[in-house]
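Engineer: File follows, query12.tsv with TSV, C-alpha atoms:
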chain	number	residue	atom	x	y	z
A	1	MET	CA	-32.11	25.34	-34.53
A	2	ALA	CA	-32.38	29.07	-34.99
A	3	GLU	CA	-33.70	30.35	-38.28
A	4	ARG	CA	-31.16	31.92	-40.61
A	5	TYR	CA	-31.63	35.56	-41.58
A	6	SER	CA	-28.82	35.81	-44.17
A	7	SER	CA	-29.52	36.23	-47.90
A	8	PHE	CA	-26.67	33.83	-48.62
A	9	GLN	CA	-26.69	30.07	-48.77
A	10	SER	CA	-25.30	28.81	-45.49
A	11	GLY	CA	-21.68	27.71	-45.62
A	12	GLY	CA	-21.32	28.60	-49.33
A	13	ARG	CA	-18.06	29.87	-50.80
A	14	MET	CA	-19.67	33.20	-51.83
A	15	TRP	CA	-21.06	33.62	-48.32
A	16	PHE	CA	-17.57	33.11	-46.89
A	17	LEU	CA	-15.90	35.47	-49.39
A	18	GLN	CA	-18.54	38.13	-48.65
A	19	ARG	CA	-17.55	37.97	-44.96
A	20	VAL	CA	-13.78	37.93	-45.60
A	21	THR	CA	-14.01	40.95	-47.94
A	22	ALA	CA	-16.27	42.69	-45.38
A	23	VAL	CA	-13.57	42.45	-42.70
A	24	PHE	CA	-10.92	43.80	-45.11
A	25	LEU	CA	-13.23	46.61	-46.32
A	26	LEU	CA	-14.12	47.68	-42.77
A	27	VAL	CA	-10.48	48.55	-42.16
A	28	VAL	CA	-9.53	49.91	-45.59
A	29	LEU	CA	-12.71	51.96	-46.15
A	30	ALA	CA	-12.25	53.61	-42.75
A	31	PHE	CA	-8.60	54.35	-43.69
A	32	HIS	CA	-9.71	55.71	-47.10
A	33	PHE	CA	-12.29	58.09	-45.57
A	34	PHE	CA	-9.91	59.18	-42.84
A	35	LEU	CA	-6.97	59.84	-45.18
A	36	LEU	CA	-8.93	61.65	-47.91
A	37	HIS	CA	-11.35	63.65	-45.80
A	38	PHE	CA	-9.67	64.23	-42.45
A	39	VAL	CA	-5.87	64.10	-43.09
A	40	HIS	CA	-6.23	65.64	-46.55
A	41	HIS	CA	-9.35	67.59	-47.44
A	42	ALA	CA	-11.69	67.16	-50.36
A	43	ASP	CA	-11.06	70.64	-51.76
A	44	GLU	CA	-7.27	70.14	-51.73
A	45	VAL	CA	-7.34	67.28	-54.25
A	46	SER	CA	-4.96	67.62	-57.17
A	47	PHE	CA	-3.42	65.34	-59.79
A	48	LEU	CA	0.00	65.94	-58.22
A	49	ALA	CA	-1.16	64.89	-54.74
A	50	SER	CA	-2.97	61.80	-56.07
A	51	SER	CA	0.15	60.90	-58.08
A	52	ALA	CA	2.42	61.29	-55.07
A	53	ARG	CA	0.31	58.79	-53.12
A	54	MET	CA	-0.14	56.34	-55.99
A	55	GLU	CA	3.60	56.28	-56.83
A	56	GLN	CA	4.18	54.42	-53.56
A	57	LEU	CA	3.93	50.69	-54.21
A	58	SER	CA	2.30	50.00	-50.82
A	59	TYR	CA	-0.48	52.56	-51.45
A	60	TYR	CA	-0.93	51.49	-55.10
A	61	SER	CA	-1.27	47.80	-54.21
A	62	LEU	CA	-3.60	48.57	-51.28
A	63	MET	CA	-5.87	50.64	-53.54
A	64	ILE	CA	-5.96	47.95	-56.25
A	65	LEU	CA	-6.86	45.35	-53.62
A	66	PHE	CA	-9.45	47.80	-52.22
A	67	LEU	CA	-10.99	48.20	-55.69
A	68	VAL	CA	-11.14	44.45	-56.34
A	69	THR	CA	-12.60	43.55	-52.93
A	70	ALA	CA	-15.11	46.45	-52.96
A	71	THR	CA	-16.27	45.48	-56.46
A	72	PHE	CA	-16.62	41.83	-55.47
A	73	HIS	CA	-18.40	42.62	-52.20
A	74	GLY	CA	-20.78	45.11	-53.85
A	75	VAL	CA	-21.63	43.09	-56.94
A	76	ASN	CA	-21.92	39.82	-55.01
A	77	GLY	CA	-24.22	41.63	-52.57
A	78	VAL	CA	-26.41	42.93	-55.40
A	79	TYR	CA	-26.56	39.49	-57.03
A	80	ASN	CA	-27.57	37.83	-53.77
A	81	ALA	CA	-30.16	40.54	-53.07
A	82	LEU	CA	-31.69	39.84	-56.49
A	83	VAL	CA	-31.62	36.07	-55.97
A	84	ASN	CA	-33.23	36.65	-52.60
A	85	GLN	CA	-36.01	38.61	-54.32
A	86	GLY	CA	-36.75	35.56	-56.45
A	87	LEU	CA	-34.46	35.89	-59.50
A	88	THR	CA	-34.24	32.51	-61.24
A	89	GLY	CA	-33.62	30.74	-64.57
A	90	THR	CA	-32.37	32.53	-67.69
A	91	LYS	CA	-32.85	35.98	-66.13
A	92	ARG	CA	-30.59	34.94	-63.27
A	93	THR	CA	-27.88	33.74	-65.68
A	94	VAL	CA	-28.10	36.90	-67.82
A	95	ILE	CA	-27.93	39.20	-64.79
A	96	LYS	CA	-25.07	37.20	-63.28
A	97	TRP	CA	-22.90	37.57	-66.39
A	98	THR	CA	-23.90	41.23	-66.85
A	99	LEU	CA	-22.72	41.90	-63.30
A	100	VAL	CA	-19.49	39.98	-63.98
A	101	ALA	CA	-18.90	42.07	-67.14
A	102	ALA	CA	-19.64	45.33	-65.26
A	103	SER	CA	-17.17	44.28	-62.55
A	104	VAL	CA	-14.44	43.57	-65.10
A	105	VAL	CA	-14.97	46.99	-66.74
A	106	LEU	CA	-14.96	48.76	-63.36
A	107	ILE	CA	-11.77	47.04	-62.18
A	108	ALA	CA	-10.02	47.62	-65.54
A	109	GLN	CA	-10.97	51.31	-65.51
A	110	GLY	CA	-9.83	51.67	-61.90
A	111	ILE	CA	-6.46	50.07	-62.67
A	112	ARG	CA	-6.02	52.33	-65.73
A	113	THR	CA	-6.67	55.37	-63.51
A	114	ALA	CA	-4.27	54.16	-60.80
A	115	ASN	CA	-1.62	53.52	-63.48
A	116	ALA	CA	-2.10	57.02	-64.89
A	117	TRP	CA	-1.43	58.52	-61.45
A	118	ALA	CA	1.44	56.15	-60.66
A	119	GLY	CA	3.19	56.99	-63.94
A	120	ILE	CA	2.94	53.38	-65.12
A	121	GLY	CA	2.84	53.33	-68.92
A	122	LEU	CA	-0.12	50.91	-69.15
A	123	TYR	CA	-3.22	53.10	-69.14
B	1	MET	CA	-29.88	21.78	-41.21
B	2	SER	CA	-30.95	25.38	-40.95
B	3	GLN	CA	-34.23	26.40	-42.48
B	4	SER	CA	-34.69	29.45	-44.65
B	5	TYR	CA	-36.74	32.36	-43.42
B	6	ASN	CA	-39.38	33.86	-45.70
B	7	ARG	CA	-39.32	37.62	-45.25
B	8	GLY	CA	-41.66	38.32	-48.16
B	9	LEU	CA	-40.76	41.01	-50.67
B	10	ILE	CA	-39.09	44.10	-49.21
B	11	GLU	CA	-41.02	46.11	-51.83
B	12	ASP	CA	-44.16	45.17	-49.97
B	13	PHE	CA	-43.98	48.25	-47.78
B	14	GLY	CA	-47.60	47.84	-46.77
B	15	ARG	CA	-46.16	45.43	-44.20
B	16	TRP	CA	-43.88	48.02	-42.62
B	17	ARG	CA	-45.87	48.20	-39.38
B	18	GLU	CA	-45.12	44.50	-38.81
B	19	PHE	CA	-41.35	45.04	-39.13
B	20	GLU	CA	-39.16	44.63	-36.09
B	21	ALA	CA	-35.61	45.90	-35.52
B	22	GLY	CA	-33.98	42.99	-37.39
B	23	MET	CA	-36.14	43.59	-40.47
B	24	TRP	CA	-35.31	47.31	-40.53
B	25	ALA	CA	-31.61	46.46	-40.13
B	26	TRP	CA	-31.91	44.09	-43.11
B	27	ILE	CA	-33.69	46.73	-45.25
B	28	PHE	CA	-31.26	49.53	-44.29
B	29	HIS	CA	-28.26	47.27	-44.95
B	30	LYS	CA	-29.63	46.41	-48.38
B	31	PHE	CA	-30.49	50.04	-49.22
B	32	THR	CA	-27.07	51.35	-48.10
B	33	GLY	CA	-25.40	48.52	-50.04
B	34	TRP	CA	-27.18	49.57	-53.25
B	35	VAL	CA	-26.14	53.20	-52.68
B	36	LEU	CA	-22.50	52.22	-52.05
B	37	ILE	CA	-22.09	50.03	-55.15
B	38	GLY	CA	-23.81	52.76	-57.23
B	39	TYR	CA	-21.39	55.28	-55.77
B	40	LEU	CA	-18.36	53.05	-56.49
B	41	PHE	CA	-19.18	53.08	-60.23
B	42	THR	CA	-19.70	56.89	-60.14
B	43	HIS	CA	-16.50	57.37	-58.12
B	44	ILE	CA	-14.34	55.45	-60.62
B	45	ALA	CA	-16.00	57.32	-63.51
B	46	VAL	CA	-15.10	60.71	-61.98
B	47	LEU	CA	-11.58	59.59	-61.02
B	48	SER	CA	-11.06	58.37	-64.60
B	49	THR	CA	-10.50	62.00	-65.59
B	50	GLY	CA	-7.02	61.21	-64.22
B	51	ILE	CA	-6.35	59.24	-67.43
B	52	PRO	CA	-6.54	62.20	-69.87
B	53	ALA	CA	-5.00	64.44	-67.19
B	54	ALA	CA	-1.83	62.30	-67.19
B	55	GLY	CA	-1.26	63.45	-70.78
B	56	ALA	CA	-1.28	67.13	-69.83
B	57	GLY	CA	2.05	68.95	-69.72
B	58	GLU	CA	4.08	69.17	-66.53
B	59	ALA	CA	3.38	72.89	-66.27
B	60	ALA	CA	-0.39	72.39	-66.53
B	61	ILE	CA	-0.30	69.64	-63.88
B	62	ALA	CA	1.90	71.74	-61.56
B	63	ALA	CA	-0.55	74.66	-61.95
B	64	GLY	CA	-3.55	72.39	-61.38
B	65	ASN	CA	-4.91	73.12	-64.86
B	66	ASP	CA	-5.36	69.46	-65.80
B	67	VAL	CA	-8.86	68.02	-66.33
B	68	TYR	CA	-8.74	65.82	-63.18
B	69	THR	CA	-7.86	68.61	-60.75
B	70	GLN	CA	-10.33	70.98	-62.43
B	71	THR	CA	-13.15	68.39	-62.31
B	72	ILE	CA	-12.64	67.61	-58.61
B	73	VAL	CA	-12.19	71.26	-57.62
B	74	SER	CA	-15.39	72.24	-59.51
B	75	LEU	CA	-17.39	69.40	-57.94
B	76	GLU	CA	-16.10	70.10	-54.44
B	77	GLY	CA	-17.02	73.76	-54.89
B	78	LEU	CA	-20.71	72.82	-55.06
B	79	LEU	CA	-22.53	72.78	-51.74
B	80	LEU	CA	-24.85	70.05	-53.08
B	81	VAL	CA	-21.86	67.73	-53.66
B	82	ARG	CA	-20.59	68.42	-50.13
B	83	LEU	CA	-24.01	67.58	-48.69
B	84	LEU	CA	-24.17	64.40	-50.79
B	85	GLU	CA	-20.75	63.47	-49.39
B	86	VAL	CA	-22.11	63.82	-45.85
B	87	GLY	CA	-24.98	61.53	-46.93
B	88	LEU	CA	-22.47	59.08	-48.39
B	89	LEU	CA	-20.55	59.08	-45.10
B	90	ALA	CA	-23.76	58.34	-43.17
B	91	VAL	CA	-24.61	55.49	-45.56
B	92	ALA	CA	-21.07	54.05	-45.40
B	93	VAL	CA	-20.82	54.33	-41.60
B	94	PHE	CA	-24.18	52.62	-41.08
B	95	HIS	CA	-23.25	49.83	-43.54
B	96	MET	CA	-19.92	49.33	-41.72
B	97	LEU	CA	-21.41	49.32	-38.21
B	98	ASN	CA	-24.38	47.14	-39.13
B	99	GLY	CA	-22.01	44.94	-41.15
B	100	THR	CA	-19.88	44.45	-38.03
B	101	ARG	CA	-23.10	43.56	-36.19
B	102	LEU	CA	-23.90	40.99	-38.92
B	103	LEU	CA	-20.39	39.48	-38.76
B	104	LEU	CA	-20.73	39.07	-34.99
B	105	THR	CA	-24.26	37.67	-35.36
B	106	ASP	CA	-22.92	35.13	-37.89
B	107	LEU	CA	-20.40	34.05	-35.26
B	108	GLY	CA	-23.23	33.69	-32.75
B	109	ILE	CA	-22.10	36.71	-30.73
B	110	GLY	CA	-24.75	39.06	-29.35
B	111	LEU	CA	-27.74	37.21	-30.83
B	112	GLU	CA	-29.88	38.04	-27.81
B	113	ALA	CA	-29.08	41.77	-28.16
B	114	GLN	CA	-29.39	42.03	-31.95
B	115	ASP	CA	-32.14	44.67	-31.69
B	116	LYS	CA	-30.13	46.78	-29.24
B	117	SER	CA	-27.01	46.56	-31.43
B	118	PHE	CA	-29.10	47.79	-34.40
B	119	TYR	CA	-30.25	50.84	-32.41
B	120	ALA	CA	-26.65	51.39	-31.28
B	121	SER	CA	-25.53	51.28	-34.97
B	122	LEU	CA	-28.12	53.96	-35.82
B	123	ILE	CA	-27.16	56.24	-32.92
B	124	LEU	CA	-23.43	55.87	-33.58
B	125	THR	CA	-23.97	56.54	-37.30
B	126	GLY	CA	-25.83	59.74	-36.42
B	127	ALA	CA	-23.14	60.85	-33.96
B	128	ILE	CA	-20.22	60.17	-36.36
B	129	THR	CA	-22.05	61.88	-39.23
B	130	VAL	CA	-22.92	65.00	-37.23
B	131	ALA	CA	-19.36	65.20	-35.84
B	132	SER	CA	-17.96	64.99	-39.40
B	133	VAL	CA	-20.13	67.74	-40.91
B	134	PRO	CA	-17.68	70.62	-40.18
B	135	THR	CA	-14.81	68.72	-41.86
B	136	PHE	CA	-16.92	67.72	-44.87
B	137	ILE	CA	-18.34	71.21	-45.41
B	138	ALA	CA	-15.08	73.15	-44.80
B	139	GLY	CA	-14.19	75.42	-47.70
B	140	ALA	CA	-17.51	74.98	-49.49
B	141	PHE	CA	-18.62	78.55	-48.80
Could you write out this structure as C-alpha coordinates?

Structural biologist:
Amino acid sequence: MAERYSSFQSGGRMWFLQRVTAVFLLVVLAFHFFLLHFVHHADEVSFLASSARMEQLSYYSLMILFLVTATFHGVNGVYNALVNQGLTGTKRTVIKWTLVAASVVLIAQGIRTANAWAGIGLY
Amino acid sequence: MSQSYNRGLIEDFGRWREFEAGMWAWIFHKFTGWVLIGYLFTHIAVLSTGIPAAGAGEAAIAAGNDVYTQTIVSLEGLLLVRLLEVGLLAVAVFHMLNGTRLLLTDLGIGLEAQDKSFYASLILTGAITVASVPTFIAGAF
(Lines of atoms letter the chains of each structure in order from A and count residues from 1; the text may use other names and numbers.)
(Lines give C-alpha, C1' and ligand atoms only; values in the text may rest on other atoms or scores of the structure.)
Protein backbone atom coordinates (compact mmCIF):
# COMPACT_ATOMS: atom_id res chain seq x y z
CA MET A 1 0.00 0.00 0.00
CA ALA A 2 1.15 3.51 -0.76
CA GLU A 3 2.86 5.43 1.99
CA ARG A 4 0.86 8.22 3.59
CA TYR A 5 2.20 11.76 3.35
CA SER A 6 -0.36 13.48 5.61
CA SER A 7 0.56 14.91 9.03
CA PHE A 8 -2.74 13.61 10.38
CA GLN A 9 -3.59 10.19 11.73
CA SER A 10 -5.37 8.31 8.98
CA GLY A 11 -9.13 8.19 9.31
CA GLY A 12 -9.13 10.29 12.53
CA ARG A 13 -11.94 12.69 13.38
CA MET A 14 -9.57 15.70 13.34
CA TRP A 15 -8.25 14.63 9.94
CA PHE A 16 -11.82 14.51 8.62
CA LEU A 17 -12.79 17.87 10.15
CA GLN A 18 -9.64 19.46 8.70
CA ARG A 19 -10.78 18.36 5.23
CA VAL A 20 -14.42 19.41 5.69
CA THR A 21 -13.41 22.88 6.94
CA ALA A 22 -10.90 23.11 4.04
CA VAL A 23 -13.69 22.67 1.49
CA PHE A 24 -15.85 25.30 3.22
CA LEU A 25 -12.90 27.72 3.55
CA LEU A 26 -11.93 27.36 -0.12
CA VAL A 27 -15.28 28.81 -1.11
CA VAL A 28 -15.76 31.39 1.66
CA LEU A 29 -12.16 32.70 1.65
CA ALA A 30 -12.36 33.22 -2.12
CA PHE A 31 -15.69 35.06 -1.61
CA HIS A 32 -14.16 37.15 1.22
CA PHE A 33 -11.16 38.23 -0.89
CA PHE A 34 -13.33 38.91 -3.92
CA LEU A 35 -15.94 40.96 -2.04
CA LEU A 36 -13.51 43.04 0.04
CA HIS A 37 -10.77 43.63 -2.50
CA PHE A 38 -12.40 43.47 -5.92
CA VAL A 39 -16.09 44.44 -5.43
CA HIS A 40 -15.25 46.89 -2.64
CA HIS A 41 -11.73 48.24 -2.31
CA ALA A 42 -9.44 48.24 0.69
CA ASP A 43 -9.19 52.04 0.86
CA GLU A 44 -12.98 52.45 0.85
CA VAL A 45 -13.48 50.62 4.15
CA SER A 46 -15.60 52.44 6.72
CA PHE A 47 -17.52 51.55 9.87
CA LEU A 48 -20.77 52.39 8.06
CA ALA A 49 -20.03 50.03 5.15
CA SER A 50 -18.93 47.20 7.48
CA SER A 51 -22.10 47.75 9.55
CA ALA A 52 -24.33 47.68 6.48
CA ARG A 53 -22.94 44.26 5.53
CA MET A 54 -22.96 42.83 9.05
CA GLU A 55 -26.58 43.92 9.72
CA GLN A 56 -27.71 41.30 7.21
CA LEU A 57 -28.31 38.03 9.04
CA SER A 58 -27.03 35.91 6.11
CA TYR A 59 -23.70 37.82 5.99
CA TYR A 60 -23.36 37.91 9.80
CA SER A 61 -23.93 34.16 10.17
CA LEU A 62 -21.61 33.37 7.23
CA MET A 63 -18.83 35.47 8.79
CA ILE A 64 -19.26 33.85 12.23
CA LEU A 65 -19.10 30.41 10.61
CA PHE A 66 -16.07 31.60 8.61
CA LEU A 67 -14.33 32.73 11.81
CA VAL A 68 -15.04 29.46 13.64
CA THR A 69 -13.97 27.20 10.76
CA ALA A 70 -10.86 29.28 9.95
CA THR A 71 -9.81 29.24 13.62
CA PHE A 72 -10.36 25.50 13.89
CA HIS A 73 -8.58 24.76 10.61
CA GLY A 74 -5.62 27.02 11.45
CA VAL A 75 -5.15 25.96 15.06
CA ASN A 76 -5.70 22.27 14.30
CA GLY A 77 -3.15 22.60 11.50
CA VAL A 78 -0.60 24.20 13.84
CA TYR A 79 -1.20 21.54 16.50
CA ASN A 80 -0.73 18.73 13.99
CA ALA A 81 2.39 20.38 12.56
CA LEU A 82 3.86 20.48 16.08
CA VAL A 83 2.88 16.87 16.80
CA ASN A 84 4.44 15.95 13.48
CA GLN A 85 7.67 17.64 14.59
CA GLY A 86 7.76 15.36 17.62
CA LEU A 87 5.74 17.18 20.30
CA THR A 88 4.81 14.69 23.03
CA GLY A 89 3.92 14.29 26.72
CA THR A 90 3.25 17.23 29.05
CA LYS A 91 4.46 19.78 26.48
CA ARG A 92 1.90 18.43 24.03
CA THR A 93 -0.91 18.74 26.59
CA VAL A 94 0.13 22.27 27.60
CA ILE A 95 0.37 23.45 23.98
CA LYS A 96 -2.93 21.80 23.09
CA TRP A 97 -4.83 23.65 25.82
CA THR A 98 -2.98 26.92 25.12
CA LEU A 99 -4.12 26.66 21.50
CA VAL A 100 -7.68 25.87 22.64
CA ALA A 101 -7.63 28.95 24.93
CA ALA A 102 -6.23 31.16 22.13
CA SER A 103 -8.98 29.90 19.81
CA VAL A 104 -11.70 30.71 22.34
CA VAL A 105 -10.31 34.25 22.81
CA LEU A 106 -10.05 34.79 19.04
CA ILE A 107 -13.59 33.58 18.36
CA ALA A 108 -15.03 35.60 21.28
CA GLN A 109 -13.24 38.76 20.10
CA GLY A 110 -14.41 38.18 16.53
CA ILE A 111 -18.02 37.75 17.64
CA ARG A 112 -17.80 40.92 19.79
CA THR A 113 -16.55 42.84 16.73
CA ALA A 114 -19.27 41.42 14.46
CA ASN A 115 -21.89 42.31 17.10
CA ALA A 116 -20.55 45.86 17.32
CA TRP A 117 -20.98 46.28 13.56
CA ALA A 118 -24.36 44.53 13.47
CA GLY A 119 -25.73 46.76 16.23
CA ILE A 120 -26.29 43.77 18.52
CA GLY A 121 -26.05 44.93 22.13
CA LEU A 122 -23.73 42.09 23.25
CA TYR A 123 -20.21 43.38 22.65
CA MET B 1 -2.73 -0.58 7.38
CA SER B 2 -0.86 2.38 6.01
CA GLN B 3 2.62 3.04 7.25
CA SER B 4 3.87 6.43 8.34
CA TYR B 5 6.49 8.23 6.32
CA ASN B 6 9.49 9.72 8.10
CA ARG B 7 10.30 13.04 6.46
CA GLY B 8 12.85 14.07 9.08
CA LEU B 9 12.71 17.56 10.54
CA ILE B 10 11.75 20.31 8.10
CA GLU B 11 14.19 22.55 10.01
CA ASP B 12 16.96 20.35 8.67
CA PHE B 13 17.41 22.51 5.60
CA GLY B 14 20.79 20.96 4.92
CA ARG B 15 18.72 18.26 3.21
CA TRP B 16 17.06 20.67 0.80
CA ARG B 17 18.90 19.32 -2.26
CA GLU B 18 17.28 15.92 -1.63
CA PHE B 19 13.76 17.40 -1.65
CA GLU B 20 11.41 16.55 -4.47
CA ALA B 21 8.24 18.36 -5.55
CA GLY B 22 6.05 16.68 -2.92
CA MET B 23 8.41 17.72 -0.11
CA TRP B 24 8.48 21.34 -1.29
CA ALA B 25 4.68 21.30 -1.54
CA TRP B 26 4.53 20.02 2.05
CA ILE B 27 6.96 22.71 3.30
CA PHE B 28 5.22 25.54 1.40
CA HIS B 29 1.80 24.38 2.63
CA LYS B 30 3.07 24.37 6.21
CA PHE B 31 4.78 27.77 5.86
CA THR B 32 1.72 29.41 4.25
CA GLY B 33 -0.48 27.83 6.93
CA TRP B 34 1.61 29.42 9.70
CA VAL B 35 1.43 32.81 7.95
CA LEU B 36 -2.36 32.55 7.52
CA ILE B 37 -3.15 31.64 11.15
CA GLY B 38 -0.76 34.42 12.30
CA TYR B 39 -2.58 36.82 10.02
CA LEU B 40 -6.01 35.71 11.29
CA PHE B 41 -5.06 36.76 14.85
CA THR B 42 -3.67 40.10 13.56
CA HIS B 43 -6.75 40.64 11.37
CA ILE B 44 -9.19 40.19 14.27
CA ALA B 45 -7.03 42.45 16.47
CA VAL B 46 -7.17 45.27 13.89
CA LEU B 47 -10.89 44.76 13.20
CA SER B 48 -11.54 44.92 16.96
CA THR B 49 -11.20 48.70 16.71
CA GLY B 50 -14.82 48.35 15.53
CA ILE B 51 -15.80 47.73 19.18
CA PRO B 52 -14.83 51.18 20.54
CA ALA B 53 -15.91 52.73 17.22
CA ALA B 54 -19.48 51.52 17.79
CA GLY B 55 -19.63 53.85 20.79
CA ALA B 56 -18.79 56.92 18.71
CA GLY B 57 -21.60 59.34 17.89
CA GLU B 58 -23.65 58.98 14.71
CA ALA B 59 -22.11 62.15 13.29
CA ALA B 60 -18.55 60.89 13.85
CA ILE B 61 -19.39 57.54 12.23
CA ALA B 62 -21.12 59.23 9.28
CA ALA B 63 -18.05 61.46 8.80
CA GLY B 64 -15.69 58.49 9.11
CA ASN B 65 -14.06 59.97 12.22
CA ASP B 66 -14.44 56.80 14.30
CA VAL B 67 -11.36 54.84 15.40
CA TYR B 68 -12.11 51.83 13.12
CA THR B 69 -12.41 53.82 9.90
CA GLN B 70 -9.39 55.96 10.82
CA THR B 71 -7.26 52.88 11.65
CA ILE B 72 -8.09 51.09 8.39
CA VAL B 73 -7.70 54.22 6.25
CA SER B 74 -4.29 54.99 7.85
CA LEU B 75 -3.08 51.41 7.36
CA GLU B 76 -4.31 51.22 3.77
CA GLY B 77 -2.54 54.51 3.06
CA LEU B 78 0.83 52.84 3.66
CA LEU B 79 2.47 51.31 0.60
CA LEU B 80 4.13 48.70 2.84
CA VAL B 81 0.71 47.45 4.02
CA ARG B 82 -0.51 47.24 0.41
CA LEU B 83 2.57 45.21 -0.55
CA LEU B 84 2.06 42.93 2.47
CA GLU B 85 -1.54 42.42 1.32
CA VAL B 86 -0.28 41.28 -2.09
CA GLY B 87 2.02 38.86 -0.23
CA LEU B 88 -0.93 37.68 1.85
CA LEU B 89 -2.92 37.07 -1.33
CA ALA B 90 -0.06 35.01 -2.80
CA VAL B 91 0.20 32.97 0.41
CA ALA B 92 -3.59 32.42 0.59
CA VAL B 93 -3.91 31.51 -3.10
CA PHE B 94 -1.07 28.99 -2.91
CA HIS B 95 -2.52 27.44 0.27
CA MET B 96 -5.95 27.17 -1.42
CA LEU B 97 -4.64 25.69 -4.67
CA ASN B 98 -2.23 23.29 -2.99
CA GLY B 99 -4.97 22.48 -0.45
CA THR B 100 -7.28 21.52 -3.33
CA ARG B 101 -4.43 19.35 -4.65
CA LEU B 102 -4.15 17.69 -1.22
CA LEU B 103 -7.91 17.08 -1.02
CA LEU B 104 -7.83 15.41 -4.43
CA THR B 105 -4.72 13.41 -3.50
CA ASP B 106 -6.50 12.22 -0.34
CA LEU B 107 -9.31 10.97 -2.58
CA GLY B 108 -6.75 9.17 -4.72
CA ILE B 109 -7.22 11.55 -7.66
CA GLY B 110 -4.15 12.63 -9.61
CA LEU B 111 -1.61 10.72 -7.50
CA GLU B 112 0.54 10.01 -10.54
CA ALA B 113 0.64 13.73 -11.44
CA GLN B 114 1.16 15.11 -7.94
CA ASP B 115 4.44 16.81 -8.92
CA LYS B 116 2.88 18.42 -11.99
CA SER B 117 -0.12 19.66 -9.98
CA PHE B 118 2.32 21.26 -7.48
CA TYR B 119 4.07 23.14 -10.31
CA ALA B 120 0.65 24.13 -11.69
CA SER B 121 -0.31 25.48 -8.21
CA LEU B 122 2.86 27.60 -8.17
CA ILE B 123 2.35 28.98 -11.68
CA LEU B 124 -1.34 29.73 -11.09
CA THR B 125 -0.50 31.42 -7.76
CA GLY B 126 2.01 33.63 -9.55
CA ALA B 127 -0.44 34.49 -12.34
CA ILE B 128 -3.34 35.32 -9.97
CA THR B 129 -1.05 37.39 -7.73
CA VAL B 130 0.44 39.40 -10.60
CA ALA B 131 -3.02 39.97 -12.12
CA SER B 132 -4.29 41.25 -8.73
CA VAL B 133 -1.48 43.75 -8.11
CA PRO B 134 -3.21 46.73 -9.83
CA THR B 135 -6.38 46.20 -7.73
CA PHE B 136 -4.44 45.76 -4.49
CA ILE B 137 -2.23 48.80 -5.04
CA ALA B 138 -4.96 51.15 -6.37
CA GLY B 139 -5.19 54.38 -4.40
CA ALA B 140 -1.99 53.77 -2.42
CA PHE B 141 -0.10 56.57 -4.19

Engineer: When you draw a straight line from atom CA of Val28 of chain A to atom CA of Met63 of chain A, how long is it in Å?

Structural biologist: 8.8 Å

Engineer: Report as JSON the centre and the edge lengths, in Å to one decimal, of the axis-aligned box holding every listed atom of segment 81-94 of chain B, padded by 6 Å on each side.

Structural biologist:
{"center_x": -22.8, "center_y": 60.5, "center_z": -47.4, "size_x": 16.4, "size_y": 27.8, "size_z": 24.6}

Engineer: Which is closer to chain A than all the others in B:Phe19, B:Tyr119, B:Phe136, B:Phe31, using only C-alpha atoms?

Structural biologist: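 Of all the options, B:Phe136 lies closest to chain A.
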
Engineer: What are the residues of chain B lining chain A at 8 Å or less? Count only C-alpha atoms, and put the answer as an MDAnalysis selection string.

Structural biologist: chainID B and resid 1:5 9 30 33:34 36:37 40:41 44 47:51 53:54 61:62 64 66 68:69 72:73 76:77 96 99 103 135:136 139

Engineer: From the list B:Gly55, B:Ala138, B:Glu18, B:Val93, which residue is nearest Gly121 of chain A when using all atoms listed in the file?

Structural biologist: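 Of B:Gly55, B:Ala138, B:Glu18, B:Val93, the one nearest Gly121 of chain A is B:Gly55, counting all atoms listed in the file.
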
Engineer: Separation of atom CA of Leu102 of chain B and atom CA of Thr69 of chain A, in Å?

Structural biologist: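 Pair atom CA of Leu102 of chain B / atom CA of Thr69 of chain A returns 18.2 Å.
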
Engineer: Calculate how many Å separate atom CA of Ala131 of chain B from atom CA of His43 of chain B, rounding to one decimal.

Structural biologist: 23.8 Å

Engineer: Nearest to Gly38 of chain B among B:Ala60, B:Leu80, B:Ala127, B:Leu88, with distances taken over only C-alpha atoms: which residue is it?

Structural biologist: B:Leu88

Engineer: Would you mind completing segment 35-48 of chain A so that it carries N, CA and C atoms, and writing it out as an mmCIF file, in the coordinates of the input?

Structural biologist:
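The new file result_20.cif reads:
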data_model
loop_
_atom_site.group_PDB
_atom_site.id
_atom_site.type_symbol
_atom_site.label_atom_id
_atom_site.label_comp_id
_atom_site.auth_asym_id
_atom_site.auth_seq_id
_atom_site.Cartn_x
_atom_site.Cartn_y
_atom_site.Cartn_z
ATOM 1 N N LEU A 35 -8.097 59.223 -44.467
ATOM 2 C CA LEU A 35 -6.970 59.840 -45.180
ATOM 3 C C LEU A 35 -7.445 60.957 -46.113
ATOM 4 N N LEU A 36 -8.534 60.709 -46.853
ATOM 5 C CA LEU A 36 -8.930 61.650 -47.910
ATOM 6 C C LEU A 36 -9.945 62.693 -47.489
ATOM 7 N N HIS A 37 -10.433 62.607 -46.265
ATOM 8 C CA HIS A 37 -11.350 63.650 -45.800
ATOM 9 C C HIS A 37 -10.878 64.338 -44.537
ATOM 10 N N PHE A 38 -10.074 63.641 -43.727
ATOM 11 C CA PHE A 38 -9.670 64.230 -42.450
ATOM 12 C C PHE A 38 -8.184 64.606 -42.435
ATOM 13 N N VAL A 39 -7.296 63.745 -42.999
ATOM 14 C CA VAL A 39 -5.870 64.100 -43.090
ATOM 15 C C VAL A 39 -5.704 65.099 -44.229
ATOM 16 N N HIS A 40 -6.159 64.707 -45.413
ATOM 17 C CA HIS A 40 -6.230 65.640 -46.550
ATOM 18 C C HIS A 40 -7.690 66.060 -46.636
ATOM 19 N N HIS A 41 -7.965 67.153 -47.331
ATOM 20 C CA HIS A 41 -9.350 67.590 -47.440
ATOM 21 C C HIS A 41 -9.811 67.576 -48.894
ATOM 22 N N ALA A 42 -11.119 67.364 -49.033
ATOM 23 C CA ALA A 42 -11.690 67.160 -50.360
ATOM 24 C C ALA A 42 -11.348 68.297 -51.323
ATOM 25 N N ASP A 43 -11.309 69.537 -50.829
ATOM 26 C CA ASP A 43 -11.060 70.640 -51.760
ATOM 27 C C ASP A 43 -9.569 70.887 -52.003
ATOM 28 N N GLU A 44 -8.707 70.009 -51.465
ATOM 29 C CA GLU A 44 -7.270 70.140 -51.730
ATOM 30 C C GLU A 44 -6.782 69.109 -52.746
ATOM 31 N N VAL A 45 -7.724 68.359 -53.324
ATOM 32 C CA VAL A 45 -7.340 67.280 -54.250
ATOM 33 C C VAL A 45 -6.671 67.865 -55.489
ATOM 34 N N SER A 46 -5.591 67.230 -55.915
ATOM 35 C CA SER A 46 -4.960 67.620 -57.170
ATOM 36 C C SER A 46 -4.313 66.386 -57.794
ATOM 37 N N PHE A 47 -4.058 66.467 -59.094
ATOM 38 C CA PHE A 47 -3.420 65.340 -59.790
ATOM 39 C C PHE A 47 -2.058 65.049 -59.154
ATOM 40 N N LEU A 48 -1.339 66.108 -58.817
ATOM 41 C CA LEU A 48 0.000 65.940 -58.220
ATOM 42 C C LEU A 48 -0.067 65.166 -56.911
#
